[in-house]
Amino acid sequence: MDLKHVVFNDFSDKNVREELERNQSNFGFDLVNLEDVIKTPSPNYDYVLRESKKLAISLKVPLIIIESDVIVDEDTIAKLLDFTEKTEGIGMVGAITVDEHGAVNFPYLKFKGEKVPVIKTERSLSFCCTLLSSPFLNSIDLNTLEKTKDWYDTIISKMSIENNFQNFVLTTVKVWHRPHGSRPWKQLKYTNPIKYYLQKFILGRDKI
């Protein structure tokens, strides 16, 4: 399977950047250090999505987003691609998220009790580990994304439905999600919720 892996380093600490650069040739991924190309502070999901879309369209391939607080299995990508190839009308398809014990966790707790292997849904998908199909990518304009937002999972999920595509979550394709592992301040949601919501609403962080 021919895959192109691109890591977008969104203003990580110096030691993280050095580690990525040191391992780039070992693991064969392209590295984009955002601090070298844009000046807006993290998170820069709008920029990453636009650049990823352009690259995927130029290569005529689907776009698979895997966030940095997610660990996938060796066959996760293959399973997402296989389902997409066998299913018509796909806009987005996501792997369900679980904790270290294999229990469904955030952000897919809304599907925790589901027993079916494939969930067709009009509810929002998360970008934890999600494929966006080529036809869907070609149908949308990501330049319209609101600059005031930080995250676009919900908005783009709605775009898919509005453009007459179908969205799915695969309950048999599980990825380990360590919620907010890439953004330590958001751990306050569990350890100090008052401080978390003060930052969220007063400082305007984490806008969905």
# chains A, B, ... in the order shown; residues from 1 in each chain; ligands from 1
call {"tool": "select_by_dssp", "arguments": {"residues": "chain A", "states": "strand (DSSP E or B)", "output": "ChimeraX atom specification"}}
result
/A:6-9,30-33,63-66,70-71,90-98,104,118-121,129-132,166-177
call {"tool": "select_by_dssp", "arguments": {"residues": "stretch 25-156 of chain A", "states": "helix (DSSP H, G or I)", "output": "number ranges by chain"}}
result
A: 25-27, 34-36, 45-59, 76-86, 109-111, 134-139, 142-144, 153-156
call {"tool": "closest_residue", "arguments": {"among": "A:Thr144, A:Ser124, A:Asn33, A:Ser25", "to": "A:Ser157", "atoms": "only C-alpha atoms"}}
result
A:Ser124
call {"tool": "residues_around", "arguments": {"residues": "stretch 4-11 of chain A", "least_positions_apart": "3", "cutoff": "8 Å", "atoms": "only C-alpha atoms", "output": "JSON, numbers by chain"}}
result
{"A": [17, 28, 29, 30, 31, 32, 33, 34, 35, 41, 42, 43, 44, 48]}
call {"tool": "write_last_selection", "arguments": {"atoms": "N, CA, C and O atoms", "output": "PDB file, in the first residue's frame"}}
result
ATOM      1  N   ARG A  17      10.334  19.169  18.299  1.00  0.00           N
ATOM      2  CA  ARG A  17      10.741  19.437  16.922  1.00  0.00           C
ATOM      3  C   ARG A  17      12.030  18.686  16.585  1.00  0.00           C
ATOM      4  O   ARG A  17      12.155  18.076  15.515  1.00  0.00           O
ATOM      5  N   GLY A  28      10.231   7.870   7.415  1.00  0.00           N
ATOM      6  CA  GLY A  28       9.784   8.216   6.075  1.00  0.00           C
ATOM      7  C   GLY A  28       8.564   9.115   6.000  1.00  0.00           C
ATOM      8  O   GLY A  28       7.708   8.932   5.133  1.00  0.00           O
ATOM      9  N   PHE A  29       8.455  10.086   6.898  1.00  0.00           N
ATOM     10  CA  PHE A  29       7.339  11.029   6.812  1.00  0.00           C
ATOM     11  C   PHE A  29       7.838  12.417   6.411  1.00  0.00           C
ATOM     12  O   PHE A  29       8.998  12.769   6.643  1.00  0.00           O
ATOM     13  N   ASP A  30       6.946  13.178   5.782  1.00  0.00           N
ATOM     14  CA  ASP A  30       7.243  14.575   5.497  1.00  0.00           C
ATOM     15  C   ASP A  30       6.911  15.385   6.745  1.00  0.00           C
ATOM     16  O   ASP A  30       5.910  15.125   7.422  1.00  0.00           O
ATOM     17  N   LEU A  31       7.742  16.372   7.044  1.00  0.00           N
ATOM     18  CA  LEU A  31       7.545  17.180   8.246  1.00  0.00           C
ATOM     19  C   LEU A  31       7.312  18.631   7.860  1.00  0.00           C
ATOM     20  O   LEU A  31       8.101  19.218   7.106  1.00  0.00           O
ATOM     21  N   VAL A  32       6.230  19.195   8.377  1.00  0.00           N
ATOM     22  CA  VAL A  32       5.950  20.621   8.183  1.00  0.00           C
ATOM     23  C   VAL A  32       5.955  21.283   9.554  1.00  0.00           C
ATOM     24  O   VAL A  32       5.061  21.050  10.377  1.00  0.00           O
ATOM     25  N   ASN A  33       6.976  22.076   9.829  1.00  0.00           N
ATOM     26  CA  ASN A  33       7.048  22.841  11.066  1.00  0.00           C
ATOM     27  C   ASN A  33       6.310  24.159  10.841  1.00  0.00           C
ATOM     28  O   ASN A  33       6.796  25.036  10.130  1.00  0.00           O
ATOM     29  N   LEU A  34       5.141  24.284  11.409  1.00  0.00           N
ATOM     30  CA  LEU A  34       4.297  25.445  11.115  1.00  0.00           C
ATOM     31  C   LEU A  34       4.948  26.760  11.512  1.00  0.00           C
ATOM     32  O   LEU A  34       4.676  27.792  10.902  1.00  0.00           O
ATOM     33  N   GLU A  35       5.801  26.740  12.516  1.00  0.00           N
ATOM     34  CA  GLU A  35       6.441  27.987  12.931  1.00  0.00           C
ATOM     35  C   GLU A  35       7.343  28.561  11.839  1.00  0.00           C
ATOM     36  O   GLU A  35       7.679  29.745  11.870  1.00  0.00           O
ATOM     37  N   PRO A  41      -0.516  31.672  16.400  1.00  0.00           N
ATOM     38  CA  PRO A  41      -0.230  30.674  17.445  1.00  0.00           C
ATOM     39  C   PRO A  41      -1.101  29.439  17.305  1.00  0.00           C
ATOM     40  O   PRO A  41      -2.165  29.468  16.693  1.00  0.00           O
ATOM     41  N   SER A  42      -0.636  28.353  17.891  1.00  0.00           N
ATOM     42  CA  SER A  42      -1.393  27.103  17.906  1.00  0.00           C
ATOM     43  C   SER A  42      -2.711  27.313  18.673  1.00  0.00           C
ATOM     44  O   SER A  42      -2.745  28.080  19.632  1.00  0.00           O
ATOM     45  N   PRO A  43      -3.789  26.619  18.262  1.00  0.00           N
ATOM     46  CA  PRO A  43      -3.907  25.615  17.200  1.00  0.00           C
ATOM     47  C   PRO A  43      -4.152  26.225  15.828  1.00  0.00           C
ATOM     48  O   PRO A  43      -4.831  27.245  15.708  1.00  0.00           O
ATOM     49  N   ASN A  44      -3.593  25.591  14.805  1.00  0.00           N
ATOM     50  CA  ASN A  44      -3.719  26.061  13.421  1.00  0.00           C
ATOM     51  C   ASN A  44      -4.389  25.005  12.551  1.00  0.00           C
ATOM     52  O   ASN A  44      -3.921  24.677  11.464  1.00  0.00           O
ATOM     53  N   VAL A  48      -3.812  23.589   8.551  1.00  0.00           N
ATOM     54  CA  VAL A  48      -3.452  22.186   8.323  1.00  0.00           C
ATOM     55  C   VAL A  48      -4.480  21.504   7.418  1.00  0.00           C
ATOM     56  O   VAL A  48      -4.126  20.768   6.489  1.00  0.00           O
TER      57      VAL A  48
END
call {"tool": "closest_residue", "arguments": {"among": "A:Leu81, A:Leu132, A:Ile57, A:Ile156", "to": "A:Val173", "atoms": "only C-alpha atoms"}}
result
A:Leu81
call {"tool": "closest_residue", "arguments": {"among": "A:Val169, A:Ala78, A:Leu145, A:Leu59", "to": "A:Lys110", "atoms": "only C-alpha atoms"}}
result
A:Val169
call {"tool": "residues_around", "arguments": {"residues": "stretch 148-153 of chain A", "least_positions_apart": "3", "cutoff": "12 Å", "atoms": "only C-alpha atoms", "output": "number ranges by chain"}}
result
A: 40-50, 65, 67, 92, 94, 107, 123-132, 142, 144-145, 156-160, 200, 204-208
